[in-house]
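Visitor: upload_1.cif is reproduced below (mmCIF, C-alpha atoms).
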data_entry
#
loop_
_atom_site.label_atom_id
_atom_site.label_comp_id
_atom_site.auth_asym_id
_atom_site.auth_seq_id
_atom_site.Cartn_x
_atom_site.Cartn_y
_atom_site.Cartn_z
CA MET A 121 124.15 64.91 -145.95
CA SER A 122 121.89 67.31 -147.88
CA ASP A 123 123.81 70.31 -146.53
CA SER A 124 126.85 69.16 -148.52
CA VAL A 125 124.94 69.43 -151.80
CA PRO A 126 125.38 72.79 -153.55
CA PRO A 127 122.24 74.96 -153.38
CA GLU A 128 122.03 75.21 -157.17
CA ILE A 129 121.80 71.41 -157.42
CA ILE A 130 119.05 71.32 -154.81
CA ALA A 131 117.20 74.07 -156.68
CA ASP A 132 117.51 72.11 -159.93
CA ILE A 133 116.02 69.02 -158.27
CA LEU A 134 113.17 70.92 -156.64
CA ASP A 135 112.43 72.76 -159.88
CA ARG A 136 111.23 69.44 -161.24
CA LEU A 137 108.41 69.33 -158.69
CA THR A 138 105.21 71.19 -159.56
CA ASP A 139 102.81 70.16 -156.81
CA ALA A 140 102.83 72.87 -154.15
CA ALA A 141 101.91 70.40 -151.39
CA ASP A 142 105.01 68.31 -152.12
CA LEU A 143 107.22 71.39 -151.98
CA VAL A 144 105.73 72.49 -148.66
CA ARG A 145 106.62 69.09 -147.22
CA CYS A 146 110.15 69.42 -148.63
CA ARG A 147 110.69 72.50 -146.47
CA ARG A 148 111.11 70.14 -143.50
CA VAL A 149 114.04 68.22 -144.98
CA SER A 150 116.77 70.60 -143.87
CA LYS A 151 117.57 74.24 -143.32
CA GLN A 152 119.32 74.35 -146.68
CA TRP A 153 116.25 73.04 -148.51
CA LEU A 154 114.12 75.51 -146.59
CA SER A 155 116.42 78.34 -147.66
CA VAL A 156 116.16 77.30 -151.32
CA LEU A 157 112.39 76.90 -151.21
CA ASP A 158 111.89 80.27 -149.50
CA SER A 159 114.12 82.16 -151.92
CA PRO A 160 112.21 84.71 -154.04
CA ASP A 161 113.71 83.36 -157.28
CA PHE A 162 112.54 79.80 -156.61
CA ILE A 163 109.08 80.96 -155.53
CA GLU A 164 108.70 83.01 -158.70
CA ARG A 165 109.84 80.14 -160.94
CA HIS A 166 107.35 77.77 -159.29
CA LEU A 167 104.56 80.33 -159.69
CA GLN A 168 105.28 80.67 -163.40
CA ARG A 169 105.35 76.88 -163.86
CA SER A 170 102.06 76.42 -162.03
CA THR A 171 100.45 79.19 -164.05
CA ALA A 172 101.58 77.65 -167.33
CA ALA A 173 100.59 74.12 -166.29
CA LEU A 174 97.17 75.18 -164.92
CA SER A 175 97.88 73.11 -161.82
CA ASN A 176 97.59 73.57 -158.07
CA ALA A 177 94.30 75.47 -157.88
CA GLY A 178 91.33 75.63 -155.55
CA LEU A 179 88.00 77.43 -155.31
CA PHE A 180 86.89 79.71 -152.47
CA LEU A 181 83.18 80.50 -152.09
CA ARG A 182 81.16 82.80 -149.91
CA ASN A 183 77.49 81.91 -149.64
CA ALA A 184 74.53 84.21 -149.16
CA ASP A 185 74.90 83.96 -145.36
CA GLY A 186 78.53 85.07 -145.39
CA ALA A 187 80.05 81.64 -144.65
CA LEU A 188 83.25 80.67 -146.47
CA PHE A 189 83.90 77.36 -148.20
CA TYR A 190 86.90 75.81 -149.92
CA ALA A 191 87.10 73.14 -152.65
CA PRO A 192 90.42 71.80 -153.95
CA ASP A 193 90.37 71.59 -157.73
CA SER A 194 91.16 67.88 -157.65
CA ALA A 195 88.49 67.02 -155.09
CA SER A 196 85.37 65.14 -156.15
CA ASP A 197 83.35 66.17 -153.10
CA SER A 198 81.45 69.41 -152.58
CA PRO A 199 83.05 72.56 -151.13
CA ARG A 200 83.47 72.35 -147.38
CA PRO A 201 83.67 74.86 -144.54
CA ASP A 202 87.13 75.19 -143.07
CA PRO A 203 87.72 76.44 -139.51
CA LYS A 204 91.03 78.02 -140.57
CA LEU A 205 89.28 80.44 -142.94
CA PRO A 206 88.49 83.93 -141.59
CA THR A 207 85.20 84.22 -139.74
CA HIS A 208 83.23 87.04 -138.20
CA PRO A 209 79.68 87.30 -136.77
CA ASP A 210 78.76 89.64 -139.62
CA GLY A 211 80.43 87.41 -142.23
CA ALA A 212 83.61 87.78 -144.19
CA LEU A 213 83.87 89.31 -147.64
CA LEU A 214 85.89 87.50 -150.30
CA LEU A 215 87.78 90.22 -152.17
CA GLY A 216 89.78 88.22 -154.69
CA SER A 217 92.94 86.21 -155.28
CA CYS A 218 96.31 86.95 -156.82
CA ARG A 219 99.55 84.94 -157.16
CA GLY A 220 98.31 82.26 -154.79
CA LEU A 221 97.13 84.67 -152.10
CA VAL A 222 93.48 85.20 -151.16
CA CYS A 223 92.22 88.44 -149.63
CA PHE A 224 89.28 88.70 -147.23
CA SER A 225 87.66 91.60 -145.39
CA VAL A 226 86.27 91.02 -141.90
CA ASP A 227 84.84 93.01 -138.99
CA ASN A 228 82.62 95.22 -141.16
CA GLN A 229 85.45 96.09 -143.58
CA ARG A 230 87.77 97.27 -140.83
CA ASP A 231 90.27 94.39 -141.05
CA LEU A 232 91.93 92.56 -143.92
CA VAL A 233 93.14 88.96 -143.91
CA ILE A 234 95.55 87.88 -146.66
CA LEU A 235 96.07 84.13 -146.73
CA ASN A 236 98.23 81.66 -148.61
CA PRO A 237 95.99 78.57 -148.44
CA ARG A 238 98.79 76.15 -149.33
CA THR A 239 101.54 77.24 -146.94
CA GLY A 240 99.05 78.31 -144.27
CA GLU A 241 100.71 81.69 -143.79
CA ARG A 242 98.32 84.51 -143.17
CA ARG A 243 98.56 88.16 -142.34
CA GLN A 244 95.84 90.16 -140.64
CA ILE A 245 95.84 93.91 -141.13
CA CYS A 246 93.78 95.52 -138.37
CA ASN A 247 92.00 98.83 -138.88
CA TYR A 248 93.36 99.21 -142.37
CA SER A 249 91.44 102.48 -142.60
CA PRO A 250 93.78 104.78 -140.65
CA PRO A 251 93.33 108.58 -140.59
CA ASP A 252 95.00 108.87 -143.99
CA PHE A 253 92.53 106.24 -145.30
CA PRO A 254 89.25 107.76 -144.06
CA GLN A 255 85.99 105.88 -143.89
CA HIS A 256 84.05 109.02 -144.68
CA PRO A 257 84.15 111.20 -147.80
CA CYS A 258 86.67 114.00 -148.05
CA PRO A 259 85.83 117.12 -150.10
CA ALA A 260 85.30 116.02 -153.65
CA VAL A 261 84.54 117.38 -157.09
CA ASN A 262 80.89 116.51 -156.53
CA PRO A 263 79.71 119.17 -154.04
CA HIS A 264 77.02 116.85 -152.67
CA ILE A 265 79.53 114.26 -151.47
CA SER A 266 81.29 116.80 -149.28
CA LYS A 267 77.97 117.35 -147.47
CA LEU A 268 77.75 113.72 -146.40
CA ASP A 269 79.16 112.87 -143.00
CA ALA A 270 80.82 109.75 -141.65
CA ARG A 271 77.60 108.63 -139.97
CA MET A 272 76.00 107.86 -143.33
CA PHE A 273 78.89 105.59 -144.24
CA VAL A 274 78.87 103.83 -140.88
CA GLU A 275 75.15 103.17 -141.22
CA TYR A 276 75.65 101.51 -144.60
CA SER A 277 75.52 97.72 -144.18
CA THR A 278 78.12 95.73 -146.07
CA ASP A 279 75.65 92.88 -146.36
CA SER A 280 72.98 95.10 -147.92
CA ARG A 281 73.26 95.41 -151.68
CA ARG A 282 70.71 98.20 -151.97
CA GLY A 283 72.62 101.05 -150.40
CA LYS A 284 70.92 103.96 -148.66
CA ASP A 285 68.94 106.79 -150.13
CA VAL A 286 70.42 110.19 -149.32
CA ASP A 287 68.13 113.19 -149.72
CA LEU A 288 69.98 115.90 -151.64
CA GLU A 289 66.92 117.81 -152.78
CA ALA A 290 67.71 120.70 -150.45
CA ASP A 291 70.80 121.35 -152.58
CA GLY A 292 69.02 120.87 -155.86
CA GLY A 293 70.66 117.52 -156.41
CA GLY A 294 67.64 115.24 -156.25
CA LEU A 295 67.80 111.79 -154.68
CA ALA A 296 71.09 109.89 -154.61
CA THR A 297 71.96 106.40 -153.40
CA LEU A 298 75.06 105.64 -151.37
CA VAL A 299 76.55 102.40 -152.66
CA LEU A 300 79.54 100.14 -152.18
CA GLY A 301 80.84 99.44 -155.66
CA GLY A 302 83.02 96.47 -154.93
CA TYR A 303 86.63 95.69 -154.13
CA GLY A 304 89.75 94.54 -155.87
CA PHE A 305 92.95 92.74 -154.91
CA GLY A 306 96.02 92.76 -157.13
CA TYR A 307 99.79 93.01 -157.44
CA ASP A 308 102.04 95.85 -158.59
CA GLU A 309 105.12 94.18 -160.04
CA SER A 310 107.07 97.43 -160.34
CA SER A 311 107.07 97.91 -156.56
CA ASP A 312 106.58 94.28 -155.45
CA ASP A 313 103.45 95.39 -153.61
CA TYR A 314 99.96 93.99 -153.10
CA LYS A 315 97.09 96.45 -153.18
CA VAL A 316 93.51 96.37 -151.98
CA VAL A 317 90.99 98.68 -153.63
CA ARG A 318 87.61 99.71 -152.25
CA ILE A 319 85.09 101.60 -154.38
CA ARG A 320 82.48 103.91 -152.84
CA GLY A 321 80.24 106.49 -154.37
CA LEU A 322 76.88 108.06 -155.07
CA VAL A 323 74.52 107.04 -157.82
CA GLY A 324 71.84 109.57 -158.73
CA GLY A 325 71.53 113.25 -157.95
CA ALA A 326 73.04 116.05 -160.00
CA GLU A 327 76.34 114.18 -160.40
CA SER A 328 74.92 110.83 -161.45
CA HIS A 329 77.88 108.51 -161.06
CA HIS A 330 80.65 110.05 -159.01
CA PHE A 331 82.82 107.57 -157.13
CA ARG A 332 86.01 107.35 -155.13
CA ALA A 333 88.64 104.62 -155.03
CA GLU A 334 90.58 103.95 -151.84
CA ILE A 335 93.80 102.12 -152.76
CA TYR A 336 95.59 100.52 -149.83
CA SER A 337 99.26 99.53 -150.18
CA VAL A 338 100.13 96.44 -148.12
CA ARG A 339 103.85 97.24 -148.27
CA ALA A 340 103.62 100.93 -147.39
CA LYS A 341 100.69 100.45 -144.97
CA SER A 342 99.10 103.56 -146.39
CA CYS A 343 96.69 104.52 -149.12
CA ARG A 344 95.94 107.04 -151.76
CA ILE A 345 92.45 108.18 -152.65
CA MET A 346 91.37 108.80 -156.22
CA GLU A 347 88.17 110.58 -157.24
CA PRO A 348 88.04 110.36 -161.03
CA THR A 349 85.62 112.55 -162.93
CA GLY A 350 83.88 111.83 -166.18
CA LEU A 351 84.15 108.06 -165.78
CA PRO A 352 81.32 105.55 -165.26
CA TYR A 353 80.69 103.92 -161.91
CA PRO A 354 82.08 100.35 -161.54
CA ASN A 355 79.57 97.57 -160.98
CA HIS A 356 79.23 95.69 -157.69
CA ARG A 357 81.52 92.83 -158.67
CA ASN A 358 85.09 92.56 -157.51
CA GLY A 359 87.65 93.81 -159.97
CA VAL A 360 89.36 91.18 -162.13
CA PHE A 361 93.15 91.34 -161.86
CA ALA A 362 94.90 90.97 -165.21
CA CYS A 363 97.93 92.60 -166.84
CA GLY A 364 98.82 94.66 -163.78
CA ALA A 365 95.38 96.25 -163.52
CA LEU A 366 91.99 95.71 -161.90
CA ASN A 367 89.15 95.63 -164.41
CA TRP A 368 85.40 96.10 -164.08
CA VAL A 369 82.30 96.23 -166.22
CA ALA A 370 81.01 99.70 -165.38
CA HIS A 371 77.76 101.62 -165.75
CA ASN A 372 76.36 101.62 -169.30
CA ASP A 373 78.31 98.41 -170.00
CA VAL A 374 81.65 100.10 -170.60
CA LEU A 375 84.95 98.54 -169.47
CA LEU A 376 86.90 100.34 -166.75
CA ALA A 377 90.49 99.64 -165.65
CA LEU A 378 92.68 100.77 -162.75
CA ASP A 379 96.45 100.51 -163.27
CA LEU A 380 97.94 99.41 -159.94
CA GLY A 381 101.30 101.06 -160.61
CA SER A 382 102.38 103.90 -158.34
CA ASP A 383 101.46 106.45 -161.00
CA GLY A 384 98.53 104.50 -162.40
CA GLY A 385 94.98 105.71 -162.71
CA PHE A 386 91.60 104.84 -164.17
CA SER A 387 90.99 104.52 -167.89
CA LEU A 388 88.44 103.10 -170.28
CA LEU A 389 89.19 99.91 -172.20
CA PRO A 390 88.11 99.30 -175.80
CA GLN A 391 85.28 96.87 -176.45
CA PRO A 392 85.36 93.94 -178.86
CA LYS A 393 83.97 94.51 -182.32
CA TYR A 394 80.74 92.62 -181.95
CA MET A 395 79.83 91.33 -185.39
CA ARG A 396 76.51 89.76 -184.37
CA GLY A 397 75.14 92.34 -181.96
CA ARG A 398 76.18 93.46 -178.49
CA PRO A 399 75.67 90.92 -175.69
CA GLU A 400 72.76 91.43 -173.32
CA VAL A 401 75.00 90.74 -170.31
CA LYS A 402 78.75 90.64 -169.93
CA SER A 403 81.36 89.87 -167.32
CA LEU A 404 85.15 89.88 -167.10
CA GLY A 405 87.59 87.13 -166.21
CA GLU A 406 91.22 86.15 -166.59
CA LEU A 407 92.44 83.56 -169.08
CA ASP A 408 96.11 82.71 -169.69
CA SER A 409 97.12 85.89 -167.79
CA ARG A 410 95.02 87.95 -170.21
CA LEU A 411 91.76 89.80 -169.76
CA CYS A 412 88.74 87.79 -170.88
CA LEU A 413 85.19 88.95 -171.61
CA CYS A 414 82.13 86.70 -171.44
CA GLY A 415 79.19 87.98 -173.46
CA GLY A 416 75.77 86.36 -173.13
CA HIS A 417 73.27 86.48 -176.02
CA TYR A 418 69.81 85.22 -175.04
CA VAL A 419 66.84 84.95 -177.38
CA GLY A 420 64.46 82.98 -175.16
CA ASP A 421 63.07 79.43 -175.29
CA GLY A 422 66.42 78.03 -174.20
CA GLN A 423 68.19 79.53 -177.19
CA GLY A 424 71.31 81.66 -177.13
CA ARG A 425 75.06 81.49 -176.72
CA LEU A 426 77.93 82.58 -174.53
CA ASP A 427 80.84 84.16 -176.42
CA LEU A 428 84.35 84.27 -174.93
CA TRP A 429 86.73 87.01 -176.01
CA VAL A 430 90.40 87.43 -175.06
CA MET A 431 92.33 90.71 -175.24
CA LYS A 432 95.60 89.69 -176.91
CA GLU A 433 97.37 93.03 -176.26
CA TYR A 434 96.10 94.72 -173.16
CA GLY A 435 94.51 98.09 -173.78
CA LYS A 436 95.01 98.01 -177.56
CA VAL A 437 92.08 98.79 -179.84
CA GLY A 438 91.25 95.86 -182.08
CA SER A 439 93.14 93.32 -179.95
CA TRP A 440 90.02 91.43 -178.81
CA CYS A 441 89.71 87.95 -180.32
CA LYS A 442 86.69 85.68 -179.97
CA VAL A 443 87.99 82.25 -179.01
CA TRP A 444 84.87 80.19 -178.20
CA SER A 445 81.09 80.23 -178.38
CA ILE A 446 79.23 77.97 -175.96
CA ARG A 447 75.73 76.80 -176.90
CA ASP A 448 74.11 74.68 -174.24
CA PRO A 449 70.81 74.95 -172.30
CA ILE A 450 72.71 75.09 -169.01
CA VAL A 451 74.37 78.41 -169.94
CA VAL A 452 71.34 80.08 -171.52
CA ARG A 453 69.98 81.86 -168.47
CA CYS A 454 68.99 85.43 -167.75
CA GLY A 455 72.02 86.20 -165.56
CA PRO A 456 75.65 86.77 -166.53
CA ALA A 457 78.12 83.89 -166.66
CA PHE A 458 81.42 84.38 -164.84
CA LEU A 459 84.63 82.62 -165.80
CA LEU A 460 86.29 81.72 -162.48
CA GLY A 461 89.35 79.78 -163.58
CA CYS A 462 90.95 77.00 -165.62
CA SER A 463 92.63 73.72 -164.79
CA ALA A 464 94.48 71.05 -166.73
CA ILE A 465 92.86 67.71 -167.54
CA ASP A 466 94.35 64.26 -168.04
CA GLY A 467 95.66 63.70 -171.54
CA GLY A 468 96.31 67.40 -172.13
CA GLY A 469 93.97 70.29 -172.67
CA ARG A 470 92.00 72.29 -170.14
CA ARG A 471 88.62 72.83 -168.62
CA MET A 472 87.10 76.14 -167.55
CA LEU A 473 84.88 76.73 -164.53
CA PHE A 474 81.86 79.04 -164.91
CA MET A 475 79.21 80.31 -162.52
CA VAL A 476 75.79 81.51 -163.71
CA ASP A 477 73.35 83.39 -161.47
CA GLY A 478 75.29 82.28 -158.39
CA ARG A 479 73.40 78.99 -158.50
CA VAL A 480 74.50 77.10 -161.60
CA TRP A 481 78.07 75.87 -162.04
CA PHE A 482 79.61 74.10 -164.99
CA TRP A 483 82.89 73.03 -166.54
CA TYR A 484 83.46 73.79 -170.20
CA TYR A 485 85.89 71.58 -172.18
CA PRO A 486 87.00 73.66 -175.20
CA SER A 487 88.66 70.79 -177.08
CA LEU A 488 85.43 68.77 -176.90
CA ASP A 489 83.01 71.72 -176.99
CA ARG A 490 81.28 70.02 -174.06
CA VAL A 491 79.58 71.35 -170.92
CA GLU A 492 79.48 69.42 -167.64
CA ALA A 493 77.35 70.45 -164.69
CA VAL A 494 79.07 70.79 -161.30
CA ASP A 495 77.45 69.92 -157.99
CA MET A 496 78.33 72.54 -155.39
CA GLY A 497 76.25 70.93 -152.67
CA GLY A 498 73.46 73.48 -152.91
CA ILE A 499 75.68 76.47 -152.13
CA VAL A 500 74.14 79.72 -153.32
CA VAL A 501 76.59 82.60 -153.38
CA GLY A 502 75.75 86.16 -152.42
CA GLU A 503 74.18 88.41 -155.01
CA GLY A 504 76.50 91.27 -154.22
CA GLY A 505 79.52 89.89 -156.03
CA PHE A 506 81.73 89.02 -153.04
CA ASP A 507 81.21 85.39 -153.83
CA ALA A 508 83.89 83.28 -155.53
CA ALA A 509 87.63 83.27 -156.16
CA TYR A 510 89.68 80.69 -158.00
CA CYS A 511 93.09 80.59 -156.35
CA LEU A 512 96.28 79.14 -157.77
CA GLU A 513 98.27 77.39 -155.05
CA SER A 514 101.77 78.82 -154.70
CA LEU A 515 104.66 79.28 -152.28
CA VAL A 516 104.38 83.08 -152.39
CA ARG A 517 105.19 84.76 -149.08
CA LEU A 518 103.69 88.11 -148.33
CA PHE A 519 106.66 89.35 -146.32
CA ASP A 520 109.39 88.69 -148.91
CA ARG A 521 111.69 91.53 -149.89
CA GLY A 522 110.69 94.19 -147.43
CA TYR A 523 107.42 93.06 -145.90
CA ASP A 524 107.34 92.69 -142.15
CA GLN A 525 107.16 89.14 -140.85
CA LYS A 526 104.20 89.41 -138.49
CA VAL A 527 102.28 86.42 -139.81
CA VAL A 528 100.38 83.62 -138.18
CA LEU A 529 101.24 80.10 -139.33
CA ALA A 530 98.34 77.73 -139.72
CA SER A 531 98.03 74.58 -141.78
CA LEU A 532 94.92 74.30 -143.94
#
Would you put the structure from the file into C-alpha cells?
Guide:
Amino acid sequence: MSDSVPPEIIADILDRLTDAADLVRCRRVSKQWLSVLDSPDFIERHLQRSTAALSNAGLFLRNADGALFYAPDSASDSPRPDPKLPTHPDGALLLGSCRGLVCFSVDNQRDLVILNPRTGERRQICNYSPPDFPQHPCPAVNPHISKLDARMFVEYSTDSRRGKDVDLEADGGGLATLVLGGYGFGYDESSDDYKVVRIRGLVGGAESHHFRAEIYSVRAKSCRIMEPTGLPYPNHRNGVFACGALNWVAHNDVLLALDLGSDGGFSLLPQPKYMRGRPEVKSLGELDSRLCLCGGHYVGDGQGRLDLWVMKEYGKVGSWCKVWSIRDPIVVRCGPAFLLGCSAIDGGGRRMLFMVDGRVWFWYYPSLDRVEAVDMGGIVVGEGGFDAAYCLESLVRLFDRGYDQKVVLASL
C-alpha cells in the first residue's frame, strides 16, 4: 500500500518527525520509505531540524583508563559502558563529533573508527597512516625535526601526556620535547568530505614551537601534511569544529584555526575585546553553529565568574559578543570550563552542559541564570583532552555520494 504513495508525500510526512530513533524504525516499513529516508536531501533536512531544535543528542566520555562511556541526553542515569563502542587493550581515543558522527582512534593511533551511534553504522579505517601519511617527520623548516627518526615517534606513548625529551644540544638547539598536540574531526562542505587532523611537533629547542598537521581525507583516503611557520603550537585539546574549521587555543593563549577546505590553511583568529581584564583560563566550544569562547576569571575564596563569548561573524575582528556571565561556586575552580553542548528543555529554552577539571559537570540554564550539578557516576576523564564529545543524533551516512559502502552495521 505504501508503495503507491508518491515519494514526495512520504517525505512530507516523515519531515514532521524529529526523533532520530523513530525515523530509524521507519526504515523498516518498506523499500520506498527506506529510499526516502536514505536520500541525501532528507538526511540533510533532518540534520538541520535537529540542530535548530537542540534535540537528539548524547554524550560520549573517555575516562582516565581509556574506557568509553555513553549517556543519552534524555537519560537520568549515569553514563554507561557500551560493548558496541570501539575498544582496544591500550584504550581508544575520542577525537570528536560532527554531524552526528563520532570519530575514535584505536590500536595506538593506527586505526580510525567513525560511528553513527543512532543508525549503528560504523566504518573502520585500518592503517590510516599509509606511506603518503608518514608516522615519522619528513624534512621540515625546523632543521632539528629532520634529524629525528621514526623510532622516536613510535616510542611516544599516546597515553602519556608528558611527551619525550629529545636532546638537541649537539646541534645547538638545546632540549626539546616531542609532543602530541591533539586531534580534530570535521567536515568540508565544499567537497562533502570528512577530515581527521593529527597535530605533532616539538616544543623547546632553537625553534620553540614548530608543529606539523597531518590532515587525512576520508573520501580520498589520502592526506596532506602542513608545517606552518611563525604560528603558535596548538594545545593538547581536540580541535573544536565550527564554521568549516577546526579551532584551538594555542600557546600564549592565542586562537588558532584550520580551514578544512581543500585550499585551506592555518590562521590566527581575533580575540574578544576584554573590557574587564583577560581571563586566566579559556577554552573553545560550539554554540548555535558558531564558535564560542569560555573565559574563566578567578580571584580566590570562591569568587570569580565564567564569561561566554560568541563569534557572530566567523573570523571578523570585533564580531565577538559576550552573551552570559556565570557566577556560582561550582564553576569557580582553578581549571578551565569546557562547553560540551546544548539541549532543549520542556517549556522552551535550553540548557548547556559544562565540564570543569574533568571532574565537575554542570548544566547551566541561561533563561534562569541557574547552575545544576550533574552526577556522572564518578567518571574522571583523561587529562590529555581526549575526553568528551557531545554528539547530535542524525541519519548521516558516511558513504553517501561517493563514499565506499564497506561499513559494519551494529545497533547501539
Visitor: Residues at most 10 Å from stretch 157-164 of chain A, counting all atoms listed in the file, excluding those fewer than 5 positions away in the same chain, as a count of residues only?
Guide: 20
Visitor: One decimal, in Å: what's the spacing between atom CA of A:Phe386 and atom CA of A:Val222?
Guide: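 Atom CA of A:Val222 lies at a distance of 23.6 Å from atom CA of A:Phe386.
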Visitor: Which polymer residues, whether protein, DNA or RNA, lie within 10 Å of the coordinate (87.4, 98.7, -169.2) when you count all atoms listed in the file? List them as a ChimeraX atom specification, using the chain letters and numbers from the file.
Guide: /A:352,354,366-370,373-378,386-391,404,411,435
Visitor: Hey, what's within 7 Å of A:Met431 if we count only C-alpha atoms and toss same-chain stuff fewer than 4 positions away? As a list in words, please?
Guide: Arg410, Leu411, Cys412, Ser439, Trp440 and Cys441 of chain A
Visitor: For those residues, write C-alpha atoms to a file as a PDB file, in the coordinates of the input.
Guide:
ATOM      1  CA  ARG A 410      95.020  87.950-170.210  1.00  0.00           C
ATOM      2  CA  LEU A 411      91.760  89.800-169.760  1.00  0.00           C
ATOM      3  CA  CYS A 412      88.740  87.790-170.880  1.00  0.00           C
ATOM      4  CA  SER A 439      93.140  93.320-179.950  1.00  0.00           C
ATOM      5  CA  TRP A 440      90.020  91.430-178.810  1.00  0.00           C
ATOM      6  CA  CYS A 441      89.710  87.950-180.320  1.00  0.00           C
TER       7      CYS A 441
END
Visitor: List the neighbours of A:Gly416 out to 6 Å using all atoms listed in the file; skip same-chain residues closer than 2 positions along the sequence, and give me the result as a ChimeraX atom specification.
Guide: /A:399-401,426
Visitor: Write the residues of the selection above to a file with C-alpha atoms, as a PDB file, keeping the file's coordinate frame.
Guide:
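Writing the result to selection06.pdb gives the following:
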ATOM      1  CA  PRO A 399      75.670  90.920-175.690  1.00  0.00           C
ATOM      2  CA  GLU A 400      72.760  91.430-173.320  1.00  0.00           C
ATOM      3  CA  VAL A 401      75.000  90.740-170.310  1.00  0.00           C
ATOM      4  CA  LEU A 426      77.930  82.580-174.530  1.00  0.00           C
TER       5      LEU A 426
END
Visitor: Counting all atoms listed in the file, which of A:His356, A:Arg339, A:His330, A:Arg136 gets nearest to A:Asp308?
Guide: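 Closest residue, counting all atoms listed in the file: A:Arg339.
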Visitor: What separation in Å, quoted to one decimal, exists between atom CA of A:Arg238 and atom CA of A:Gly306?
Guide: 18.6 Å
Visitor: Please provide as a list in words all residues within 7 Å of stretch 344-347 of chain A, with the sequence filter that same-chain residues fewer than 2 positions apart are discarded (counting all atoms listed in the file).
Guide: Phe331, Arg332, Ala333, Glu334, Ile335, Tyr336 and Thr349 of chain A
Visitor: Return the single residue from A:Leu188, A:Val500, A:Leu137, A:Val480 that is closest to A:Ala173, with distances computed using all atoms listed in the file.
Guide: A:Leu137
Visitor: Given only C-alpha atoms as the basis, pick out the residue of A:Ile133, A:Ala340, A:Leu181, A:Leu232 nearest to A:Ile499.
Guide: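 Among A:Ile133, A:Ala340, A:Leu181, A:Leu232, it is A:Leu181 that comes nearest to A:Ile499.
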Visitor: State, in Å with one decimal place, the distance from atom CA of A:Asp448 to atom CA of A:Ala191.
Guide: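 Distance between the two atoms: 25.2 Å.
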Visitor: Kindly indicate which residue among A:Asp495, A:Asp408, A:Glu128, A:Asp139 lies nearest to A:Glu513, using all atoms listed in the file for the distances.
Guide: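 Ranked by minimum distance to A:Glu513, first place goes to A:Asp139.
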Visitor: To verify the selection step, state as a PyMOL selection string which residues the PyMOL selection byres ((chain A and resi 315) around 7) yields on this input.
Guide: chain A and resi 305-307+313-314+316-317+335-338
Visitor: Considering only C-alpha atoms, return as a list of chain:residue names whatever protein or nucleic-acid residues lie within 12 Å of A:Ser175, sequence-local ones (same chain, fewer than 6 positions apart) excluded.
Guide: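 Listing them by chain and then by number gives A:Leu137, A:Thr138, A:Asp139, A:Ala140, A:Ala141, A:His166, A:Leu167, A:Gln168, A:Arg169, A:Pro192, A:Asp193, A:Ser194, A:Gly220, A:Gly461, A:Cys462, A:Ser463, A:Ala464, A:Ile465, A:Asp466, A:Gly468, A:Gly469, A:Arg470, A:Arg471, A:Tyr510, A:Cys511, A:Leu512, A:Glu513, A:Ser514.
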Visitor: So, counting all atoms listed in the file, which residue among A:Ile245, A:Asp185, A:Met475, A:Arg200 is closest to A:Lys341?
Guide: A:Ile245
Visitor: From the set A:Gly216, A:Pro449, A:Pro486, A:Gly350, which residue has the shortest atom-to-atom contact distance to A:Arg425, counting all atoms listed in the file?
Guide: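 Ranked by minimum distance to A:Arg425, first place goes to A:Pro449.
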Visitor: I need every residue sitting at most 7 Å from the point (82.1, 73.7, -153.5) (coordinates as in the file, all atoms listed in the file considered), written as a PyMOL selection string.
Guide: chain A and resi 189-191+198-200+496-497
Visitor: Apply the PyMOL selection byres ((chain A and resi 235) around 10) to the structure shown and report the selected residues as a count of residues only.
Guide: 26
